[in-house]
>>> print(open('data-v7.tsv').read())   # TSV, C-alpha atoms
chain	number	residue	atom	x	y	z
A	1	LYS	CA	13.62	2.65	-6.53
A	2	ALA	CA	14.15	-0.73	-8.15
A	3	GLY	CA	12.03	-1.62	-11.14
A	4	VAL	CA	10.14	-4.78	-11.93
A	5	THR	CA	12.53	-7.72	-11.81
A	6	GLN	CA	11.95	-10.86	-13.85
A	7	THR	CA	13.96	-14.05	-13.69
A	8	PRO	CA	15.29	-15.86	-15.56
A	9	ARG	CA	15.86	-13.54	-18.49
A	10	TYR	CA	16.47	-16.30	-21.02
A	11	LEU	CA	15.75	-19.98	-20.97
A	12	ILE	CA	15.57	-22.90	-23.34
A	13	LYS	CA	13.34	-25.88	-22.73
A	14	THR	CA	12.21	-28.90	-24.71
A	15	ARG	CA	8.68	-29.94	-25.54
A	16	GLY	CA	6.88	-31.59	-22.66
A	17	GLN	CA	8.92	-29.90	-19.95
A	18	GLN	CA	7.55	-27.33	-17.56
A	19	VAL	CA	8.85	-23.88	-16.68
A	20	THR	CA	8.44	-21.42	-13.82
A	21	LEU	CA	9.03	-17.69	-14.26
A	22	SER	CA	9.34	-15.22	-11.43
A	23	CYS	CA	8.41	-11.56	-11.08
A	24	SER	CA	9.29	-9.21	-8.23
A	25	PRO	CA	7.20	-6.03	-8.37
A	26	ILE	CA	8.23	-2.48	-7.65
A	27	SER	CA	8.15	-1.90	-3.90
A	28	GLY	CA	4.60	-1.06	-2.86
A	29	HIS	CA	3.00	-2.45	-5.99
A	30	ARG	CA	0.41	-5.07	-5.18
A	31	SER	CA	-1.08	-5.79	-8.58
A	32	VAL	CA	0.91	-8.11	-10.83
A	33	SER	CA	-0.11	-9.15	-14.31
A	34	TRP	CA	1.49	-11.30	-16.97
A	35	TYR	CA	1.53	-10.93	-20.73
A	36	GLN	CA	2.77	-13.12	-23.56
A	37	GLN	CA	4.31	-11.56	-26.65
A	38	THR	CA	4.73	-13.52	-29.87
A	39	PRO	CA	5.30	-12.30	-33.44
A	40	GLY	CA	2.03	-13.80	-34.58
A	41	GLN	CA	-0.34	-12.88	-31.76
A	42	GLY	CA	1.26	-9.74	-30.37
A	43	LEU	CA	0.86	-8.90	-26.69
A	44	GLN	CA	-1.79	-10.95	-24.96
A	45	PHE	CA	-2.99	-10.87	-21.37
A	46	LEU	CA	-2.42	-14.03	-19.34
A	47	PHE	CA	-3.63	-13.23	-15.81
A	48	GLU	CA	-3.63	-10.65	-13.06
A	49	TYR	CA	-3.15	-11.04	-9.32
A	50	PHE	CA	-3.91	-8.73	-6.46
A	51	SER	CA	-3.54	-9.59	-2.78
A	52	GLU	CA	-2.71	-13.19	-3.66
A	53	THR	CA	-5.96	-13.61	-5.61
A	54	GLN	CA	-6.28	-14.13	-9.33
A	55	ARG	CA	-8.75	-11.51	-10.44
A	56	ASN	CA	-8.75	-12.05	-14.17
A	57	LYS	CA	-7.49	-14.63	-16.64
A	58	GLY	CA	-6.96	-14.37	-20.36
A	59	ASN	CA	-7.86	-16.91	-22.99
A	60	PHE	CA	-5.05	-19.41	-22.43
A	61	PRO	CA	-5.21	-23.14	-21.73
A	62	GLY	CA	-5.01	-24.53	-18.23
A	63	ARG	CA	-1.33	-25.37	-18.78
A	64	PHE	CA	-0.70	-21.73	-17.93
A	65	SER	CA	-1.02	-20.97	-14.25
A	66	GLY	CA	0.23	-18.49	-11.75
A	67	ARG	CA	0.25	-17.44	-8.16
A	68	GLN	CA	1.10	-14.49	-5.99
A	69	PHE	CA	2.77	-14.55	-2.62
A	70	SER	CA	2.13	-12.42	0.44
A	71	ASN	CA	5.06	-10.15	-0.46
A	72	SER	CA	3.39	-9.53	-3.86
A	73	ARG	CA	6.01	-11.49	-5.79
A	74	SER	CA	4.44	-13.62	-8.49
A	75	GLU	CA	5.30	-16.74	-10.40
A	76	MET	CA	3.82	-18.18	-13.53
A	77	ASN	CA	4.11	-21.77	-14.61
A	78	VAL	CA	3.66	-23.41	-17.98
A	79	SER	CA	3.39	-27.18	-17.98
A	80	THR	CA	3.77	-29.62	-20.86
A	81	LEU	CA	5.50	-27.06	-23.03
A	82	GLU	CA	4.66	-26.82	-26.71
A	83	LEU	CA	6.66	-25.22	-29.50
A	84	GLY	CA	4.05	-22.45	-29.68
A	85	ASP	CA	4.82	-21.41	-26.12
A	86	SER	CA	8.06	-19.87	-27.31
A	87	ALA	CA	7.59	-16.21	-26.50
A	88	LEU	CA	8.62	-13.22	-24.47
A	89	TYR	CA	6.77	-13.32	-21.14
A	90	LEU	CA	6.34	-9.91	-19.59
A	91	CYS	CA	5.36	-9.09	-16.06
A	92	ALA	CA	3.72	-5.78	-15.23
A	93	THR	CA	2.92	-4.23	-11.89
A	94	LYS	CA	1.00	-1.28	-10.51
A	95	PRO	CA	0.27	-0.01	-7.00
A	96	VAL	CA	-3.45	-0.68	-6.80
A	97	ALA	CA	-6.00	-2.93	-8.37
A	98	ASN	CA	-8.31	-1.04	-10.64
A	99	THR	CA	-6.42	1.96	-11.86
A	100	GLY	CA	-2.98	3.40	-12.19
A	101	GLU	CA	0.05	3.26	-14.42
A	102	LEU	CA	1.45	-0.09	-15.45
A	103	PHE	CA	5.20	-0.77	-15.29
A	104	PHE	CA	6.86	-3.65	-17.10
A	105	GLY	CA	9.87	-5.78	-16.37
A	106	GLU	CA	12.48	-6.72	-18.95
A	107	GLY	CA	10.78	-10.02	-19.70
A	108	SER	CA	11.71	-13.67	-19.76
A	109	ARG	CA	12.43	-15.00	-23.22
A	110	LEU	CA	11.44	-18.66	-23.48
A	111	THR	CA	12.49	-20.88	-26.35
A	112	VAL	CA	10.91	-24.32	-26.64
A	113	LEU	CA	12.76	-26.84	-28.83
B	1	GLY	CA	-12.54	-7.38	-25.35
B	2	ILE	CA	-11.53	-3.91	-26.48
B	3	GLN	CA	-10.12	-3.63	-29.99
B	4	VAL	CA	-7.07	-1.40	-30.35
B	5	GLU	CA	-5.87	-0.30	-33.76
B	6	GLN	CA	-2.61	1.51	-34.35
B	7	SER	CA	-1.52	3.30	-37.47
B	8	PRO	CA	0.64	3.38	-39.41
B	9	PRO	CA	2.05	-0.13	-38.89
B	10	ASP	CA	5.45	0.93	-40.20
B	11	LEU	CA	7.12	4.30	-40.48
B	12	ILE	CA	10.52	5.28	-41.81
B	13	LEU	CA	11.76	8.79	-41.09
B	14	GLN	CA	14.81	10.86	-41.77
B	15	GLU	CA	16.49	12.08	-38.61
B	16	GLY	CA	15.01	15.43	-37.60
B	17	ALA	CA	11.56	14.76	-39.06
B	18	ASN	CA	8.32	14.85	-37.10
B	19	SER	CA	5.71	12.10	-36.90
B	20	THR	CA	2.27	11.32	-35.53
B	21	LEU	CA	1.21	7.86	-34.39
B	22	ARG	CA	-2.46	7.08	-33.90
B	23	CYS	CA	-4.32	4.71	-31.61
B	24	ASN	CA	-8.04	4.02	-31.99
B	25	PHE	CA	-9.97	1.95	-29.47
B	26	SER	CA	-13.40	0.41	-29.63
B	27	ASP	CA	-14.87	1.11	-26.20
B	28	SER	CA	-14.63	3.48	-23.28
B	29	VAL	CA	-11.49	3.02	-21.23
B	30	ASN	CA	-10.22	3.88	-17.79
B	31	ASN	CA	-6.58	4.07	-18.69
B	32	LEU	CA	-4.41	4.50	-21.74
B	33	GLN	CA	-0.66	4.21	-21.95
B	34	TRP	CA	1.95	4.60	-24.66
B	35	PHE	CA	5.06	2.43	-24.56
B	36	HIS	CA	8.29	2.17	-26.51
B	37	GLN	CA	9.69	-1.33	-26.77
B	38	ASN	CA	13.47	-1.33	-26.74
B	39	PRO	CA	15.57	-3.82	-28.74
B	40	TRP	CA	15.83	-6.09	-25.70
B	41	GLY	CA	12.06	-6.34	-25.39
B	42	GLN	CA	11.34	-4.15	-22.40
B	43	LEU	CA	8.33	-1.87	-22.60
B	44	ILE	CA	9.35	1.62	-21.55
B	45	ASN	CA	6.62	3.92	-20.28
B	46	LEU	CA	6.14	7.03	-22.35
B	47	PHE	CA	2.79	8.41	-21.24
B	48	TYR	CA	-0.02	7.48	-18.91
B	49	ILE	CA	-2.78	9.49	-20.53
B	50	PRO	CA	-6.42	8.44	-20.14
B	51	SER	CA	-7.41	11.91	-21.32
B	52	GLY	CA	-5.95	15.28	-22.14
B	53	THR	CA	-2.52	16.28	-23.38
B	54	LYS	CA	0.93	15.70	-21.93
B	55	GLN	CA	4.41	16.59	-23.09
B	56	ASN	CA	7.78	15.16	-22.23
B	57	GLY	CA	10.66	16.70	-24.15
B	58	ARG	CA	10.32	15.94	-27.84
B	59	LEU	CA	7.35	13.67	-27.24
B	60	SER	CA	3.78	14.62	-26.57
B	61	ALA	CA	0.48	12.78	-26.48
B	62	THR	CA	-3.17	13.63	-26.68
B	63	THR	CA	-6.12	11.41	-25.81
B	64	VAL	CA	-9.67	12.30	-26.78
B	65	ALA	CA	-11.55	9.71	-24.76
B	66	THR	CA	-14.99	10.73	-26.01
B	67	GLU	CA	-13.89	10.04	-29.60
B	68	ARG	CA	-11.87	6.97	-28.64
B	69	TYR	CA	-8.46	7.84	-29.98
B	70	SER	CA	-5.03	8.92	-28.87
B	71	LEU	CA	-2.11	10.47	-30.74
B	72	LEU	CA	1.59	10.30	-30.01
B	73	TYR	CA	3.72	13.06	-31.51
B	74	ILE	CA	7.45	12.70	-31.99
B	75	SER	CA	9.28	15.84	-32.99
B	76	SER	CA	12.85	16.19	-34.30
B	77	SER	CA	13.22	12.41	-34.39
B	78	GLN	CA	16.54	10.79	-33.50
B	79	THR	CA	17.93	7.37	-34.37
B	80	THR	CA	17.42	6.35	-30.75
B	81	ASP	CA	13.67	6.79	-31.26
B	82	SER	CA	13.67	3.70	-33.47
B	83	GLY	CA	11.69	0.76	-32.17
B	84	VAL	CA	8.11	-0.32	-31.75
B	85	TYR	CA	5.54	1.94	-30.14
B	86	PHE	CA	2.54	0.38	-28.46
B	87	CYS	CA	-0.71	1.81	-27.27
B	88	ALA	CA	-2.49	-0.07	-24.48
B	89	VAL	CA	-5.88	0.51	-22.91
B	90	ASP	CA	-7.79	-1.05	-20.08
B	91	GLY	CA	-11.50	-1.38	-19.76
B	92	ASN	CA	-13.78	-0.77	-16.85
B	93	THR	CA	-12.35	-3.56	-14.71
B	94	GLY	CA	-8.97	-1.88	-14.69
B	95	ASN	CA	-7.06	-5.12	-14.49
B	96	GLN	CA	-6.52	-6.16	-18.10
B	97	PHE	CA	-4.76	-4.11	-20.72
B	98	TYR	CA	-5.41	-4.56	-24.43
B	99	PHE	CA	-2.55	-3.78	-26.77
B	100	GLY	CA	-2.47	-2.60	-30.32
B	101	THR	CA	-0.20	-4.30	-32.85
B	102	GLY	CA	2.27	-1.45	-32.65
B	103	THR	CA	3.93	1.03	-34.96
B	104	SER	CA	7.44	0.08	-36.00
B	105	LEU	CA	9.48	3.27	-36.36
B	106	THR	CA	12.84	3.42	-38.08
B	107	VAL	CA	14.77	6.68	-37.99
B	108	ILE	CA	17.62	6.85	-40.46
B	109	PRO	CA	20.55	9.27	-40.17
>>> encode(input="data-v7.tsv", output="structure tokens")
Amino acid sequence: KAGVTQTPRYLIKTRGQQVTLSCSPISGHRSVSWYQQTPGQGLQFLFEYFSETQRNKGNFPGRFSGRQFSNSRSEMNVSTLELGDSALYLCATKPVANTGELFFGEGSRLTVL
Amino acid sequence: GIQVEQSPPDLILQEGANSTLRCNFSDSVNNLQWFHQNPWGQLINLFYIPSGTKQNGRLSATTVATERYSLLYISSSQTTDSGVYFCAVDGNTGNQFYFGTGTSLTVIP
């Protein structure tokens, strides 16, 4: 059974650009959430999607957005990149909405220059 | 949100030694998981343990939900155990996990 797949794994952008990250969940998993990891702030929740609906959003500016497709794949977008957006972005999935074990992908490491 | 505190923040062990990592949380939770972050950044599932005790080889974990803490035991540590260990909990909504700041473990030969 394939794990959580995130693409791209590494990317470099410059300030002001925008970026889109993709997450394909484990087959049968319908809940997808995103986390940002930085040395200073640790692991922080960005948002969670279930059945194409955003059910919860963390304390991030509106430049951070996401969506989920009917096949449960999810994308997150960051517009007008800032240096502080450099981070490891982790996608996590689980089968159902309100309970269950969370499984993480390998992450997308974003560097903003 | 739920506050999660992990201790100790750093731990250096000789290969073969045992260790206990602790996770305290500030509110009742539905779920609790322990992860090991590998050098490439991926979070590897160790235990899904909202309550009770589980064992997997040299690792075991215990969660006492009523007292709001969990313990991860590593016995006969190996160099491959090195890395950062995270505890994560979710609250009553079940759709947002809160992470501790991790315990960085270094096992030296």
>>> residues_around(input="data-v7.tsv", residues="stretch 17-21 of chain B", least_positions_apart="4", cutoff="9 Å", atoms="only C-alpha atoms", output="ChimeraX atom specification")
/B:6-8,11,13,70-78,85,103,107
>>> closest_atom_pairs(input="data-v7.tsv", of="stretch 8-92 of chain A", to="stretch 34-57 of chain B", cutoff="12 Å", atoms="all atoms listed in the file", output="Markdown table")
| residue | atom | partner | partner_atom | distance |
| --- | --- | --- | --- | --- |
| A:Arg9 | CA | B:Trp40 | CA | 10.4 |
| A:Tyr10 | CA | B:Trp40 | CA | 11.2 |
| A:Tyr35 | CA | B:Leu43 | CA | 11.5 |
| A:Gln36 | CA | B:Gly41 | CA | 11.6 |
| A:Gln37 | CA | B:Gly41 | CA | 9.4 |
| A:Thr38 | CA | B:Gly41 | CA | 11.2 |
| A:Leu43 | CA | B:Leu43 | CA | 11.0 |
| A:Ala87 | CA | B:Gly41 | CA | 10.9 |
| A:Leu88 | CA | B:Gly41 | CA | 7.7 |
| A:Tyr89 | CA | B:Gly41 | CA | 9.7 |
| A:Leu90 | CA | B:Gln42 | CA | 8.1 |
| A:Cys91 | CA | B:Gln42 | CA | 10.0 |
| A:Ala92 | CA | B:Leu43 | CA | 9.5 |
>>> residues_around(input="data-v7.tsv", residues="stretch 55-67 of chain A", least_positions_apart="5", cutoff="6 Å", atoms="only C-alpha atoms", output="NGL selection string")
:A and (45-49 or 74-79)
>>> residues_near_point(input="data-v7.tsv", point="(-2.8, -7.3, -28.0)", cutoff="6 Å", atoms="all atoms listed in the file", output="PyMOL selection string")
(chain A and resi 42-44) or (chain B and resi 98-100)
>>> atom_distance(input="data-v7.tsv", atom1="atom CA of B:Cys23", atom2="atom CA of A:Val96")
25.4 Å
>>> residues_around(input="data-v7.tsv", residues="A:Leu113", least_positions_apart="4", cutoff="8 Å", atoms="all atoms listed in the file", output="CSV table (one decimal) with C-alpha atoms, keeping the file's coordinate frame")
chain,number,residue,atom,x,y,z
A,12,ILE,CA,15.6,-22.9,-23.3
A,13,LYS,CA,13.3,-25.9,-22.7
A,14,THR,CA,12.2,-28.9,-24.7
A,15,ARG,CA,8.7,-29.9,-25.5
A,83,LEU,CA,6.7,-25.2,-29.5
>>> atom_distance(input="data-v7.tsv", atom1="atom CA of B:Gln14", atom2="atom CA of B:Thr80")
12.2 Å
>>> atom_distance(input="data-v7.tsv", atom1="atom CA of B:Thr66", atom2="atom CA of A:Pro95")
26.6 Å
>>> axis_aligned_box(input="data-v7.tsv", around="stretch 64-70 of chain A", padding_each_side="4 Å", output="lines of an AutoDock Vina configuration file")
center_x = 0.9
center_y = -17.1
center_z = -8.7
size_x = 11.8
size_y = 17.3
size_z = 26.4
>>> closest_residue(input="data-v7.tsv", among="B:Gln33, B:Phe25, B:Tyr69, B:Ile12", to="A:Phe104", atoms="all atoms listed in the file")
B:Gln33
>>> residues_near_point(input="data-v7.tsv", point="(14.2, -9.1, -14.4)", cutoff="7 Å", atoms="only C-alpha atoms", output="list in words")
Val4, Thr5, Gln6, Thr7, Pro8, Arg9, Gly105, Glu106 and Gly107 of chain A
>>> closest_residue(input="data-v7.tsv", among="A:Pro39, A:Gly16, A:Gly84, A:Pro25", to="chain B", atoms="only C-alpha atoms")
A:Pro39
>>> closest_residue(input="data-v7.tsv", among="A:Ser31, A:Ser86, A:Thr93, A:Gln41", to="A:Ser70", atoms="all atoms listed in the file")
A:Ser31
>>> closest_residue(input="data-v7.tsv", among="A:Arg109, A:Glu82, A:Ala2, A:Thr53", to="A:Gln18", atoms="only C-alpha atoms")
A:Glu82
>>> closest_residue(input="data-v7.tsv", among="B:Asn92, B:Thr62, B:Ser28, B:Thr106", to="chain A", atoms="all atoms listed in the file")
B:Asn92
>>> closest_residue(input="data-v7.tsv", among="A:Ser27, A:Thr99, A:Ser22, A:Asn71", to="chain B", atoms="all atoms listed in the file")
A:Thr99
>>> decode(input="data-v7.tsv", residues="stretch 25-108 of chain B", atoms="C-alpha atoms", output="CSV table (one decimal), in the first residue's frame")
chain,number,residue,atom,x,y,z
B,25,PHE,CA,-0.5,17.9,27.6
B,26,SER,CA,-2.8,20.5,29.0
B,27,ASP,CA,-6.3,19.3,28.1
B,28,SER,CA,-8.2,16.1,27.4
B,29,VAL,CA,-7.4,14.6,24.1
B,30,ASN,CA,-9.0,12.1,21.7
B,31,ASN,CA,-5.8,10.9,20.2
B,32,LEU,CA,-2.1,10.8,21.0
B,33,GLN,CA,0.7,9.7,18.7
B,34,TRP,CA,4.5,9.3,19.0
B,35,PHE,CA,6.6,10.0,16.0
B,36,HIS,CA,10.3,9.7,15.1
B,37,GLN,CA,11.5,12.2,12.6
B,38,ASN,CA,14.2,10.8,10.3
B,39,PRO,CA,17.1,12.8,9.0
B,40,TRP,CA,15.2,13.6,5.8
B,41,GLY,CA,12.3,15.1,7.7
B,42,GLN,CA,9.7,12.4,7.5
B,43,LEU,CA,7.7,11.7,10.6
B,44,ILE,CA,7.6,8.0,11.2
B,45,ASN,CA,4.7,6.6,13.2
B,46,LEU,CA,5.8,4.8,16.4
B,47,PHE,CA,2.6,4.6,18.4
B,48,TYR,CA,-1.0,5.6,18.2
B,49,ILE,CA,-1.9,5.5,21.9
B,50,PRO,CA,-4.7,7.6,23.2
B,51,SER,CA,-4.6,5.5,26.4
B,52,GLY,CA,-3.1,2.3,27.8
B,53,THR,CA,0.2,0.6,27.0
B,54,LYS,CA,1.6,-0.7,23.8
B,55,GLN,CA,4.9,-2.4,22.9
B,56,ASN,CA,6.7,-2.7,19.6
B,57,GLY,CA,10.1,-4.4,19.9
B,58,ARG,CA,12.5,-2.3,21.9
B,59,LEU,CA,10.0,0.5,22.1
B,60,SER,CA,7.0,0.8,24.3
B,61,ALA,CA,4.6,3.6,25.3
B,62,THR,CA,2.1,4.3,28.0
B,63,THR,CA,-0.5,7.0,28.1
B,64,VAL,CA,-2.4,8.0,31.2
B,65,ALA,CA,-5.1,10.2,29.8
B,66,THR,CA,-6.7,11.1,33.1
B,67,GLU,CA,-3.4,12.5,34.3
B,68,ARG,CA,-2.6,14.0,30.9
B,69,TYR,CA,0.8,12.5,30.1
B,70,SER,CA,2.4,9.8,28.0
B,71,LEU,CA,5.8,8.1,28.2
B,72,LEU,CA,7.9,6.6,25.5
B,73,TYR,CA,10.4,4.0,26.6
B,74,ILE,CA,13.4,3.0,24.5
B,75,SER,CA,15.4,0.0,25.6
B,76,SER,CA,18.8,-1.2,24.5
B,77,SER,CA,19.2,1.9,22.3
B,78,GLN,CA,21.0,1.7,19.0
B,79,THR,CA,22.6,4.4,16.9
B,80,THR,CA,19.7,4.2,14.5
B,81,ASP,CA,17.4,5.4,17.2
B,82,SER,CA,19.0,8.9,16.9
B,83,GLY,CA,16.7,11.6,15.8
B,84,VAL,CA,13.9,13.8,17.1
B,85,TYR,CA,10.9,12.2,18.8
B,86,PHE,CA,7.6,14.1,18.8
B,87,CYS,CA,4.5,13.7,20.7
B,88,ALA,CA,1.3,14.9,19.1
B,89,VAL,CA,-2.2,15.2,20.4
B,90,ASP,CA,-5.6,16.2,19.0
B,91,GLY,CA,-8.4,17.8,20.9
B,92,ASN,CA,-12.1,17.1,20.8
B,93,THR,CA,-12.5,18.1,17.2
B,94,GLY,CA,-10.2,15.4,16.0
B,95,ASN,CA,-8.9,17.4,13.1
B,96,GLN,CA,-6.0,19.3,14.4
B,97,PHE,CA,-2.9,17.9,16.0
B,98,TYR,CA,-0.8,19.9,18.4
B,99,PHE,CA,2.9,19.0,18.6
B,100,GLY,CA,5.4,19.2,21.3
B,101,THR,CA,8.9,20.7,20.6
B,102,GLY,CA,10.4,17.3,20.5
B,103,THR,CA,13.2,15.4,22.2
B,104,SER,CA,16.4,15.2,20.3
B,105,LEU,CA,18.1,11.9,21.0
B,106,THR,CA,21.7,11.1,20.1
B,107,VAL,CA,22.9,7.5,20.6
B,108,ILE,CA,26.7,7.2,20.5
